[in-house]
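Data file: input25.tsv. Format and content: TSV, C-alpha atoms.
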```tsv
chain	number	residue	atom	x	y	z
C	1	MET	CA	-15.19	-71.67	74.39
C	2	ASN	CA	-16.82	-73.13	71.32
C	3	THR	CA	-16.88	-69.98	69.21
C	4	LYS	CA	-13.18	-69.33	69.54
C	5	GLN	CA	-12.25	-72.91	68.88
C	6	LEU	CA	-14.54	-73.20	65.87
C	7	LEU	CA	-13.24	-70.05	64.22
C	8	GLY	CA	-9.64	-70.96	64.89
C	9	VAL	CA	-10.11	-74.27	63.11
C	10	ALA	CA	-11.97	-72.58	60.26
C	11	LEU	CA	-9.13	-70.13	59.65
C	12	LEU	CA	-6.44	-72.77	59.60
C	13	SER	CA	-8.41	-75.13	57.38
C	14	GLY	CA	-9.12	-72.25	55.03
C	15	PHE	CA	-5.49	-72.16	53.94
C	16	THR	CA	-5.78	-75.70	52.58
C	17	MET	CA	-9.47	-75.76	51.71
C	18	ILE	CA	-9.09	-75.05	48.02
C	19	SER	CA	-6.61	-77.84	47.38
C	20	ALA	CA	-8.58	-80.25	49.58
C	21	LEU	CA	-11.74	-79.61	47.61
C	22	ALA	CA	-9.96	-80.07	44.33
C	23	GLN	CA	-8.77	-83.51	45.39
C	24	THR	CA	-12.36	-84.74	45.64
C	25	ALA	CA	-13.08	-83.96	42.01
C	26	ALA	CA	-12.70	-86.54	39.25
C	27	PRO	CA	-9.29	-86.52	37.50
C	28	GLN	CA	-9.10	-83.78	34.90
C	29	PRO	CA	-6.64	-82.89	32.11
C	30	ALA	CA	-3.84	-80.58	33.25
C	31	PRO	CA	-5.30	-77.04	33.21
C	32	ALA	CA	-3.74	-74.21	31.27
C	33	LEU	CA	-1.34	-71.97	33.17
C	34	LYS	CA	-1.91	-68.23	33.60
C	35	GLU	CA	0.73	-65.74	34.64
C	36	VAL	CA	0.40	-63.62	37.79
C	37	THR	CA	2.53	-60.74	39.00
C	38	ILE	CA	2.91	-59.42	42.54
C	39	LEU	CA	4.44	-55.98	43.04
C	40	GLY	CA	5.36	-55.37	46.66
C	41	LYS	CA	6.96	-53.17	49.27
C	42	ILE	CA	8.20	-54.27	52.70
C	43	LYS	CA	8.17	-51.54	55.34
C	44	SER	CA	10.53	-53.09	57.88
C	45	ALA	CA	13.37	-54.84	56.05
C	46	SER	CA	16.86	-54.42	54.68
C	47	PRO	CA	17.57	-54.06	50.96
C	48	GLY	CA	18.76	-57.36	49.56
C	49	SER	CA	16.48	-59.43	51.77
C	50	ILE	CA	14.66	-62.25	50.01
C	51	VAL	CA	10.92	-62.58	49.40
C	52	TYR	CA	9.47	-65.86	48.13
C	53	MET	CA	6.33	-66.93	46.31
C	54	GLU	CA	5.29	-70.35	47.62
C	55	SER	CA	2.63	-72.96	47.09
C	56	ASN	CA	0.32	-73.57	50.02
C	57	GLY	CA	1.11	-77.12	50.99
C	58	GLN	CA	3.37	-79.35	53.01
C	59	PRO	CA	6.11	-79.05	52.06
C	60	ALA	CA	5.78	-75.64	50.43
C	61	ILE	CA	7.19	-75.37	46.92
C	62	ARG	CA	9.01	-72.15	46.08
C	63	LEU	CA	7.72	-70.80	42.80
C	64	ASP	CA	9.72	-67.57	42.56
C	65	SER	CA	11.96	-65.33	44.64
C	66	ALA	CA	13.12	-61.73	44.55
C	67	LYS	CA	15.58	-59.47	46.38
C	68	LEU	CA	14.36	-56.21	47.85
C	69	ASP	CA	15.80	-53.23	46.01
C	70	LYS	CA	17.09	-50.08	47.70
C	71	ASP	CA	13.51	-48.93	48.29
C	72	ASN	CA	12.50	-52.32	49.72
C	73	ARG	CA	10.42	-53.09	46.64
C	74	PHE	CA	10.18	-56.39	44.79
C	75	THR	CA	8.46	-58.15	41.89
C	76	LEU	CA	7.35	-61.79	41.91
C	77	LYS	CA	6.07	-63.66	38.88
C	78	THR	CA	4.72	-67.16	38.51
C	79	ARG	CA	2.16	-69.13	36.54
C	80	VAL	CA	-0.83	-70.77	38.20
C	81	PRO	CA	-3.33	-73.30	36.83
C	82	ASP	CA	-6.50	-71.81	35.41
C	83	GLY	CA	-8.89	-71.77	38.34
C	84	GLY	CA	-6.08	-70.95	40.69
C	85	GLY	CA	-5.66	-71.61	44.38
C	86	VAL	CA	-4.28	-70.30	47.64
C	87	TYR	CA	-0.62	-69.23	47.68
C	88	LEU	CA	1.76	-67.55	50.13
C	89	VAL	CA	4.17	-64.66	49.88
C	90	ASN	CA	6.90	-65.48	52.39
C	91	VAL	CA	8.65	-62.34	53.60
C	92	MET	CA	12.19	-63.26	54.64
C	93	GLY	CA	11.07	-66.50	56.27
C	94	GLY	CA	8.93	-64.60	58.76
C	95	GLN	CA	5.67	-62.92	57.82
C	96	LYS	CA	3.56	-64.98	55.43
C	97	VAL	CA	0.84	-63.30	53.40
C	98	VAL	CA	-2.02	-65.30	51.91
C	99	VAL	CA	-2.88	-64.52	48.29
C	100	LEU	CA	-5.80	-66.01	46.36
C	101	LEU	CA	-4.85	-66.30	42.70
C	102	GLU	CA	-7.03	-67.34	39.76
C	103	GLY	CA	-4.52	-66.35	37.09
C	104	GLY	CA	-4.03	-63.17	35.09
C	105	GLU	CA	-3.82	-60.84	38.10
C	106	THR	CA	-1.32	-58.13	38.94
C	107	LEU	CA	-1.48	-57.60	42.69
C	108	ASN	CA	0.05	-54.89	44.85
C	109	LEU	CA	1.26	-55.94	48.29
C	110	THR	CA	2.42	-53.79	51.19
C	111	ALA	CA	3.60	-55.68	54.29
C	112	ASP	CA	5.25	-54.79	57.60
C	113	GLY	CA	7.77	-57.60	57.19
C	114	PHE	CA	7.38	-59.13	60.66
C	115	THR	CA	4.95	-61.52	62.33
C	116	THR	CA	5.03	-59.68	65.66
C	117	ASP	CA	7.05	-56.61	66.61
C	118	ILE	CA	9.31	-57.63	69.51
C	119	LYS	CA	9.30	-54.16	71.09
C	120	THR	CA	5.62	-53.23	70.79
C	121	GLY	CA	3.92	-56.62	70.45
C	122	LYS	CA	2.17	-55.30	67.35
C	123	LYS	CA	1.07	-57.97	64.91
C	124	GLY	CA	2.44	-57.58	61.40
C	125	GLN	CA	-0.08	-56.29	58.87
C	126	ALA	CA	-0.33	-56.70	55.11
C	127	VAL	CA	-2.58	-55.15	52.49
C	128	VAL	CA	-3.08	-56.74	49.08
C	129	THR	CA	-5.02	-55.00	46.32
C	130	GLY	CA	-5.62	-55.60	42.64
C	131	SER	CA	-8.35	-58.23	42.54
C	132	LYS	CA	-11.89	-58.80	43.78
C	133	ASN	CA	-10.69	-62.00	45.43
C	134	MET	CA	-8.25	-60.12	47.65
C	135	GLU	CA	-10.70	-57.28	48.28
C	136	HIS	CA	-13.25	-59.72	49.67
C	137	TYR	CA	-10.58	-61.73	51.45
C	138	GLY	CA	-9.38	-58.60	53.24
C	139	LYS	CA	-12.89	-57.78	54.45
C	140	LEU	CA	-13.49	-61.36	55.50
C	141	MET	CA	-10.31	-61.52	57.55
C	142	THR	CA	-11.02	-58.13	59.13
C	143	HIS	CA	-14.29	-59.54	60.45
C	144	TYR	CA	-12.48	-62.66	61.60
C	145	GLU	CA	-9.72	-60.71	63.37
C	146	ASP	CA	-12.34	-58.62	65.17
C	147	ILE	CA	-14.08	-61.65	66.64
C	148	ARG	CA	-10.74	-63.37	67.36
C	149	VAL	CA	-9.60	-60.45	69.52
C	150	LYS	CA	-12.95	-60.33	71.33
C	151	ASN	CA	-12.89	-64.05	71.94
C	152	THR	CA	-9.42	-63.82	73.47
C	153	ALA	CA	-10.76	-61.31	75.98
C	154	TRP	CA	-13.89	-63.37	76.59
C	155	GLN	CA	-11.80	-66.51	77.13
C	156	ASN	CA	-9.84	-64.74	79.86
C	157	GLN	CA	-13.04	-63.44	81.44
C	158	TYR	CA	-14.60	-66.89	81.31
C	159	ASN	CA	-11.56	-68.55	82.91
C	160	ASP	CA	-11.49	-65.93	85.65
C	161	ALA	CA	-15.22	-66.41	86.34
C	162	ALA	CA	-14.76	-70.19	86.36
C	163	THR	CA	-11.98	-69.88	88.96
C	164	LYS	CA	-14.33	-67.81	91.11
C	165	LYS	CA	-17.24	-70.18	90.37
C	166	ASP	CA	-19.23	-67.21	89.13
C	167	GLN	CA	-21.81	-69.04	87.00
C	168	LYS	CA	-23.73	-65.85	86.19
C	169	LYS	CA	-20.62	-64.26	84.68
C	170	MET	CA	-19.73	-67.47	82.86
C	171	ASP	CA	-23.19	-67.62	81.28
C	172	ALA	CA	-23.00	-63.94	80.29
C	173	VAL	CA	-19.62	-64.39	78.62
C	174	MET	CA	-20.82	-67.48	76.75
C	175	ALA	CA	-23.90	-65.59	75.57
C	176	GLN	CA	-21.69	-62.79	74.22
C	177	SER	CA	-19.44	-65.25	72.45
C	178	GLU	CA	-22.32	-67.19	70.91
C	179	GLN	CA	-23.99	-64.00	69.70
C	180	ALA	CA	-20.72	-62.80	68.18
C	181	SER	CA	-20.39	-66.12	66.37
C	182	LYS	CA	-23.88	-65.73	64.93
C	183	ASP	CA	-23.11	-62.15	63.87
C	184	PHE	CA	-19.88	-63.26	62.18
C	185	THR	CA	-21.70	-66.01	60.30
C	186	SER	CA	-24.32	-63.50	59.16
C	187	LYS	CA	-21.59	-61.20	57.83
C	188	VAL	CA	-20.01	-64.06	55.87
C	189	LYS	CA	-23.38	-65.02	54.37
C	190	ALA	CA	-24.08	-61.39	53.44
C	191	MET	CA	-20.79	-61.22	51.51
C	192	LEU	CA	-21.34	-64.38	49.44
C	193	PRO	CA	-23.70	-62.97	46.78
C	194	ASP	CA	-21.18	-60.28	45.80
C	195	MET	CA	-18.35	-62.82	45.80
C	196	GLY	CA	-20.12	-64.67	43.00
C	197	THR	CA	-18.37	-67.82	41.79
C	198	SER	CA	-14.88	-66.73	42.73
C	199	LEU	CA	-12.11	-68.46	44.61
C	200	VAL	CA	-12.77	-66.38	47.73
C	201	ALA	CA	-16.38	-67.61	47.81
C	202	LEU	CA	-15.06	-71.16	48.18
C	203	PHE	CA	-12.63	-69.97	50.86
C	204	ALA	CA	-15.48	-68.29	52.77
C	205	THR	CA	-17.39	-71.56	53.04
C	206	ASN	CA	-14.87	-72.66	55.70
C	207	PHE	CA	-16.49	-70.24	58.10
C	208	LEU	CA	-19.94	-71.84	57.71
C	209	ASN	CA	-21.36	-74.89	59.42
C	210	VAL	CA	-22.40	-77.63	57.04
C	211	ASP	CA	-25.48	-78.54	59.11
C	212	ALA	CA	-26.71	-75.13	60.27
C	213	ASP	CA	-25.81	-73.29	57.05
C	214	PHE	CA	-26.44	-75.98	54.46
C	215	PRO	CA	-29.11	-73.99	52.53
C	216	THR	CA	-26.56	-71.22	51.97
C	217	LEU	CA	-23.88	-73.69	50.87
C	218	ASP	CA	-26.35	-75.48	48.59
C	219	THR	CA	-27.38	-72.21	46.94
C	220	LEU	CA	-23.72	-71.38	46.31
C	221	ALA	CA	-23.03	-74.82	44.84
C	222	GLN	CA	-25.99	-74.47	42.48
C	223	ARG	CA	-24.73	-71.06	41.39
C	224	PHE	CA	-21.32	-72.56	40.62
C	225	GLU	CA	-23.05	-75.29	38.61
C	226	ARG	CA	-24.83	-72.66	36.51
C	227	GLU	CA	-22.05	-70.10	36.12
C	228	ASN	CA	-18.64	-71.68	36.69
C	229	SER	CA	-18.94	-75.46	36.66
C	230	ASN	CA	-15.68	-75.93	34.71
C	231	SER	CA	-13.53	-74.50	37.49
C	232	PRO	CA	-11.35	-77.31	38.91
C	233	GLN	CA	-11.97	-75.92	42.40
C	234	ALA	CA	-15.72	-75.67	41.85
C	235	LYS	CA	-16.00	-79.28	40.74
C	236	GLY	CA	-14.84	-80.51	44.14
C	237	PHE	CA	-17.15	-78.14	46.01
C	238	ILE	CA	-20.16	-79.02	43.86
C	239	GLY	CA	-19.46	-82.72	44.33
C	240	ASN	CA	-19.12	-82.39	48.11
C	241	ILE	CA	-22.37	-80.47	48.45
C	242	ALA	CA	-24.15	-82.99	46.24
C	243	ARG	CA	-22.93	-85.75	48.56
C	244	ILE	CA	-24.06	-83.87	51.65
C	245	ARG	CA	-27.39	-83.08	49.99
C	246	GLY	CA	-27.92	-86.82	49.67
C	247	LEU	CA	-27.37	-87.17	53.43
C	248	MET	CA	-30.03	-84.67	54.40
C	249	MET	CA	-33.17	-85.71	56.22
C	250	GLY	CA	-35.47	-87.60	53.88
C	251	GLY	CA	-32.69	-88.58	51.48
C	252	ILE	CA	-31.86	-92.19	50.70
C	253	ALA	CA	-28.80	-93.27	52.70
C	254	PRO	CA	-25.94	-94.16	50.33
C	255	ASP	CA	-25.26	-97.88	50.26
C	256	ILE	CA	-22.22	-99.25	52.09
C	257	ALA	CA	-20.64	-102.59	51.21
C	258	LEU	CA	-17.77	-103.31	53.57
C	259	ASN	CA	-16.64	-106.63	55.01
C	260	ASP	CA	-17.71	-107.99	58.37
C	261	THR	CA	-15.36	-109.61	60.91
C	262	THR	CA	-15.29	-112.83	58.87
C	263	GLY	CA	-14.29	-111.06	55.67
C	264	ALA	CA	-17.70	-111.35	54.00
C	265	ALA	CA	-19.21	-108.28	52.33
C	266	VAL	CA	-22.43	-107.11	54.03
C	267	PRO	CA	-24.24	-104.30	52.16
C	268	LEU	CA	-26.26	-101.82	54.16
C	269	SER	CA	-29.03	-102.35	51.59
C	270	SER	CA	-29.31	-105.99	52.70
C	271	LEU	CA	-31.08	-104.70	55.83
C	272	ARG	CA	-33.92	-102.99	53.93
C	273	GLY	CA	-37.28	-103.61	55.53
C	274	LYS	CA	-35.95	-102.72	58.99
C	275	TYR	CA	-35.21	-99.51	60.83
C	276	VAL	CA	-31.42	-99.34	60.90
C	277	LEU	CA	-29.08	-97.29	63.06
C	278	ILE	CA	-25.88	-96.69	61.07
C	279	ASP	CA	-23.33	-96.29	63.83
C	280	PHE	CA	-19.82	-94.96	63.07
C	281	TRP	CA	-17.50	-95.83	65.97
C	282	ALA	CA	-14.09	-97.33	66.88
C	283	SER	CA	-12.57	-99.33	69.69
C	284	TRP	CA	-10.26	-96.41	70.50
C	285	CYS	CA	-13.14	-93.89	70.77
C	286	GLY	CA	-13.92	-93.26	74.45
C	287	PRO	CA	-17.32	-91.58	73.91
C	288	CYS	CA	-18.31	-94.43	71.58
C	289	ARG	CA	-17.50	-97.06	74.17
C	290	MET	CA	-19.35	-95.08	76.85
C	291	GLU	CA	-22.45	-94.95	74.64
C	292	ASN	CA	-22.33	-98.66	73.76
C	293	PRO	CA	-24.26	-99.88	76.84
C	294	ASN	CA	-27.15	-97.62	75.86
C	295	VAL	CA	-27.02	-98.86	72.25
C	296	VAL	CA	-26.99	-102.47	73.48
C	297	ARG	CA	-30.05	-101.76	75.61
C	298	MET	CA	-31.87	-100.20	72.64
C	299	TYR	CA	-30.99	-103.14	70.41
C	300	ASN	CA	-32.24	-105.70	72.91
C	301	LYS	CA	-35.41	-103.71	73.55
C	302	TYR	CA	-36.40	-103.13	69.91
C	303	LYS	CA	-34.77	-105.88	67.81
C	304	GLU	CA	-38.00	-107.89	67.78
C	305	LYS	CA	-39.90	-104.84	66.50
C	306	GLY	CA	-37.94	-104.39	63.26
C	307	PHE	CA	-34.88	-102.51	64.52
C	308	THR	CA	-31.22	-103.39	63.92
C	309	ILE	CA	-27.81	-101.77	63.88
C	310	TYR	CA	-25.13	-101.52	61.19
C	311	SER	CA	-21.87	-100.52	62.88
C	312	VAL	CA	-19.02	-99.12	60.80
C	313	SER	CA	-15.68	-99.16	62.61
C	314	LEU	CA	-12.89	-96.66	62.00
C	315	ASP	CA	-10.38	-99.03	63.55
C	316	GLN	CA	-7.02	-99.90	62.02
C	317	SER	CA	-6.40	-103.07	64.01
C	318	ARG	CA	-8.69	-106.03	63.40
C	319	ASP	CA	-7.81	-107.50	66.80
C	320	SER	CA	-8.76	-104.31	68.65
C	321	TRP	CA	-12.00	-104.05	66.65
C	322	VAL	CA	-13.08	-107.66	67.30
C	323	ARG	CA	-12.06	-107.48	70.96
C	324	ALA	CA	-14.18	-104.36	71.53
C	325	ILE	CA	-17.19	-105.99	69.84
C	326	ARG	CA	-16.84	-108.99	72.14
C	327	ASN	CA	-16.16	-107.03	75.34
C	328	ASP	CA	-19.04	-104.60	74.79
C	329	ASN	CA	-21.49	-107.38	73.81
C	330	LEU	CA	-22.32	-105.81	70.44
C	331	THR	CA	-24.29	-108.60	68.78
C	332	TRP	CA	-25.38	-106.96	65.54
C	333	THR	CA	-23.82	-106.36	62.11
C	334	HIS	CA	-20.27	-104.96	62.11
C	335	VAL	CA	-18.23	-103.90	59.08
C	336	SER	CA	-14.96	-102.08	58.45
C	337	ASP	CA	-12.19	-101.60	55.91
C	338	LEU	CA	-9.75	-100.90	58.79
C	339	ARG	CA	-8.63	-97.65	57.18
C	340	TYR	CA	-9.11	-95.31	60.15
C	341	TRP	CA	-10.29	-91.84	58.98
C	342	GLN	CA	-9.67	-92.89	55.38
C	343	SER	CA	-12.58	-95.33	55.70
C	344	ALA	CA	-14.50	-95.25	52.42
C	345	ALA	CA	-17.83	-95.25	54.25
C	346	ALA	CA	-16.79	-92.48	56.64
C	347	GLN	CA	-15.73	-90.28	53.74
C	348	GLN	CA	-18.91	-91.14	51.84
C	349	TYR	CA	-20.98	-90.02	54.84
C	350	GLY	CA	-18.87	-86.98	55.64
C	351	VAL	CA	-17.89	-88.31	59.07
C	352	THR	CA	-15.37	-86.02	60.77
C	353	GLY	CA	-16.01	-87.10	64.36
C	354	ILE	CA	-17.34	-90.15	66.18
C	355	PRO	CA	-19.67	-91.40	67.47
C	356	LYS	CA	-21.78	-90.46	64.47
C	357	THR	CA	-25.16	-92.05	63.75
C	358	PHE	CA	-27.83	-92.02	61.07
C	359	LEU	CA	-31.25	-93.65	61.61
C	360	ILE	CA	-32.89	-94.87	58.41
C	361	ASP	CA	-36.39	-96.23	57.88
C	362	LYS	CA	-37.52	-99.40	56.12
C	363	GLU	CA	-37.09	-97.77	52.70
C	364	GLY	CA	-33.59	-96.57	53.49
C	365	LYS	CA	-34.51	-92.91	54.05
C	366	ILE	CA	-32.62	-90.91	56.67
C	367	ILE	CA	-35.08	-89.94	59.41
C	368	ALA	CA	-32.70	-88.82	62.19
C	369	LYS	CA	-29.05	-88.10	62.91
C	370	ASP	CA	-26.73	-88.14	65.91
C	371	LEU	CA	-29.15	-89.83	68.27
C	372	ARG	CA	-27.59	-90.74	71.61
C	373	GLY	CA	-28.82	-91.56	75.11
C	374	PRO	CA	-32.50	-90.81	75.78
C	375	ALA	CA	-32.90	-89.18	72.34
C	376	LEU	CA	-32.30	-92.53	70.63
C	377	GLU	CA	-34.86	-94.31	72.80
C	378	GLN	CA	-37.40	-91.56	72.29
C	379	LYS	CA	-37.08	-91.71	68.50
C	380	LEU	CA	-37.25	-95.52	68.39
C	381	GLU	CA	-40.31	-95.48	70.60
C	382	GLU	CA	-41.90	-93.00	68.21
C	383	VAL	CA	-41.26	-94.94	64.99
C	384	LEU	CA	-41.70	-98.47	66.34
C	385	LYS	CA	-44.74	-97.97	68.57
```
Would you mind writing the file's structure down as C-alpha cells?
Amino acid sequence: MNTKQLLGVALLSGFTMISALAQTAAPQPAPALKEVTILGKIKSASPGSIVYMESNGQPAIRLDSAKLDKDNRFTLKTRVPDGGGVYLVNVMGGQKVVVLLEGGETLNLTADGFTTDIKTGKKGQAVVTGSKNMEHYGKLMTHYEDIRVKNTAWQNQYNDAATKKDQKKMDAVMAQSEQASKDFTSKVKAMLPDMGTSLVALFATNFLNVDADFPTLDTLAQRFERENSNSPQAKGFIGNIARIRGLMMGGIAPDIALNDTTGAAVPLSSLRGKYVLIDFWASWCGPCRMENPNVVRMYNKYKEKGFTIYSVSLDQSRDSWVRAIRNDNLTWTHVSDLRYWQSAAAQQYGVTGIPKTFLIDKEGKIIAKDLRGPALEQKLEEVLK
C-alpha cells in the first residue's frame, strides 16, 4: 500500500536528512561548537549499565557515555556544531532515542530501556523534553505512529481482501489509507509555521512530497533565507529548493554537458530550437526498456516536425549502455558520465527514480514531466500540430 510504504521511507530517511542536506551546501568554515547536556532516567535497566551519546551516521561515532547510578539516572555531555543535527542516545545497545540538537540545550530524557518487551510485546517508549525541537518532534512522531499502526491493520485487511478477490473491500481500504495519508500531510503542514526555522522544521520536510507539496516547501525555504540563512543545515535546504524551483513547469531546464558514446561533449543547449524530451534511463532499468518502443515510435513520428530526444543514461558500464542503445534502436542523442545514481545530471535534475522525463520547448522551458505511453503522444500532438 502506497501510504504505508511512503511513510516508512520518510521516517527512515528523516534520521539522515539533516546531514544529507548539509552535504549539498558549499564548503563552509568549521562551525563553532556548543555544549549540550542530557539528563536521563531508564525505567527498565540495572544500575551500572551503559548509555551512549552517538552521532547519527554509518558508522556511528560515540561522543560520550555514562553509567546508570543506583536510581538508573545518567548524565551525558557533548559539544555539537552550531546549527546542530540529529543524534542518538543508545540505551545499552538496545533502545535508541532520536534527539535533535542545535547546541546549548539541556534535555531531560525518560526511556523504557527496551525496543520491545519480550513478555508483553509492548514497544519501548521515550519522552524527551527541554527544547522546542523535541516538543515538535514528539508531536510529529505521535502523528506518524498513529498512521503507522492504522496502516498495519489496513495492510492486513487489504491482503485478506485480495486473497478473497474482494475488490470492493480492497478499494475501501485503499481509500481509507489514502485519506489518512492526506490527513497526516495536513497535520505536518499545520505544524510548520510554529516550528519556524528550527532543525525540526527541516526534519518535517521528509514527510512532504516535493511535487505535491512544493509550495509549502518553497515558503519554508524562503523563510529560512530571511530569518536563518547562516545555518549550515539551512544552506543545503535552501539550495535544494532553489534547484527544484528551477525545474518547475515554465522554468528553463538546466543545461547538461555530458559526453556521448564517442566521448564528445554534447550540451543539451545545442538542441535549442527543437522540442526536446530529456529522458533519464539505463540499460538495467526494466520499465525504461519496456517504454523504449513507444519512445522510438514517437521519435520516428515527430522528428521531422521539430522533435528530438536527449537521453541521459545512469549506466555504469559503457558496453551495456551502447548495447542497449543498439538493441532498442535508439537513434537519437545519448550522453552519460557512467556514474550510476551519482550522475551529475541526475543529481542536478533531482532524479531519484527512472524512467524520468522532462519535455522542453524550443526556448528550453519545461512544459511537461514524466510523460509516458499515450500521454507522451498526446502532448506531442498538442505542441507540434
* Nearest residue to C:Glu135 from the set C:Thr75, C:Ser229, C:Ser198, C:Thr185 (distances using all atoms listed in the file) ->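 Distance minimum relative to C:Glu135 lands on C:Ser198.
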* Nearest candidate to C:Gly113 (options C:Leu88, C:Leu271, C:Ala45, C:Ala212; using all atoms listed in the file) ->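 Under the stated criterion, the closest residue is C:Ala45.
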* To do: Would you mind reading off the distance between atom CA of C:Gly364 and atom CA of C:Ala282, one decimal, in Å?
  =>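 Computing the Euclidean distance for atom CA of C:Gly364 and atom CA of C:Ala282 yields 23.7 Å.
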* Which residue gives the smallest distance to C:Ser320 among C:Lys34, C:Arg272, C:Gln58, C:Leu338, with all atoms listed in the file counted? ->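 Closest residue, counting all atoms listed in the file: C:Leu338.
Take atom CA of C:Glu304 and atom CA of C:Leu277: the distance between them is 14.6 Å.
Near stretch 118-128 of chain C, within 6 Å and counting only C-alpha atoms, sit Asn108, Leu109, Thr110, Ala111, Asp112 and Phe114 of chain C; same-chain residues fewer than 4 positions away were not included.
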* Exercise: C:Ser336 partners within 9 Å, all atoms listed in the file, chain neighbours under 4 positions left out, as JSON, numbers by chain -> {"C": [258, 259, 260, 261, 311, 312, 313, 314, 315, 316, 318, 321, 343, 345]}
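Proximity of C:Lys365, C:His143, C:Lys182, C:Lys169 to C:Gln155, computed with all atoms listed in the file, is greatest for C:Lys169.
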* Asked: Using only C-alpha atoms, which of the listed residues (C:Leu199, C:Ser317, C:Glu363, C:Glu377) sits closest to C:Asn300?
  ->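 Smallest separation from C:Asn300 among the options: C:Glu377.
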* Structure fact -> Expressed in Å, the length from atom CA of C:Tyr158 to atom CA of C:Val173 is 6.2 Å
* Which polymer residues have any atom within 9 Å of an atom of C:Asp279, counting only C-alpha atoms, with same-chain residues fewer than 4 positions away left out, as a list of chain:residue names? ->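 Close residues of C:Asp279: C:Ile309, C:Tyr310, C:Ser311, C:Val312, C:Ser313, C:Ile354, C:Pro355, C:Lys356, C:Thr357, C:Phe358, C:Leu359.
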* Structure fact -> If you count all atoms listed in the file, the residue of C:Ala190, C:Ala66, C:Met195, C:Met298 closest to C:Leu39 turns out to be C:Ala66
Stretch 104-120 of chain C: axis-aligned bounding box, 3 Å on each side, centre and edge lengths in Å, one decimal, as JSON:
```
{"center_x": 2.6, "center_y": -58.2, "center_z": 53.1, "size_x": 19.3, "size_y": 15.9, "size_z": 42.0}
```
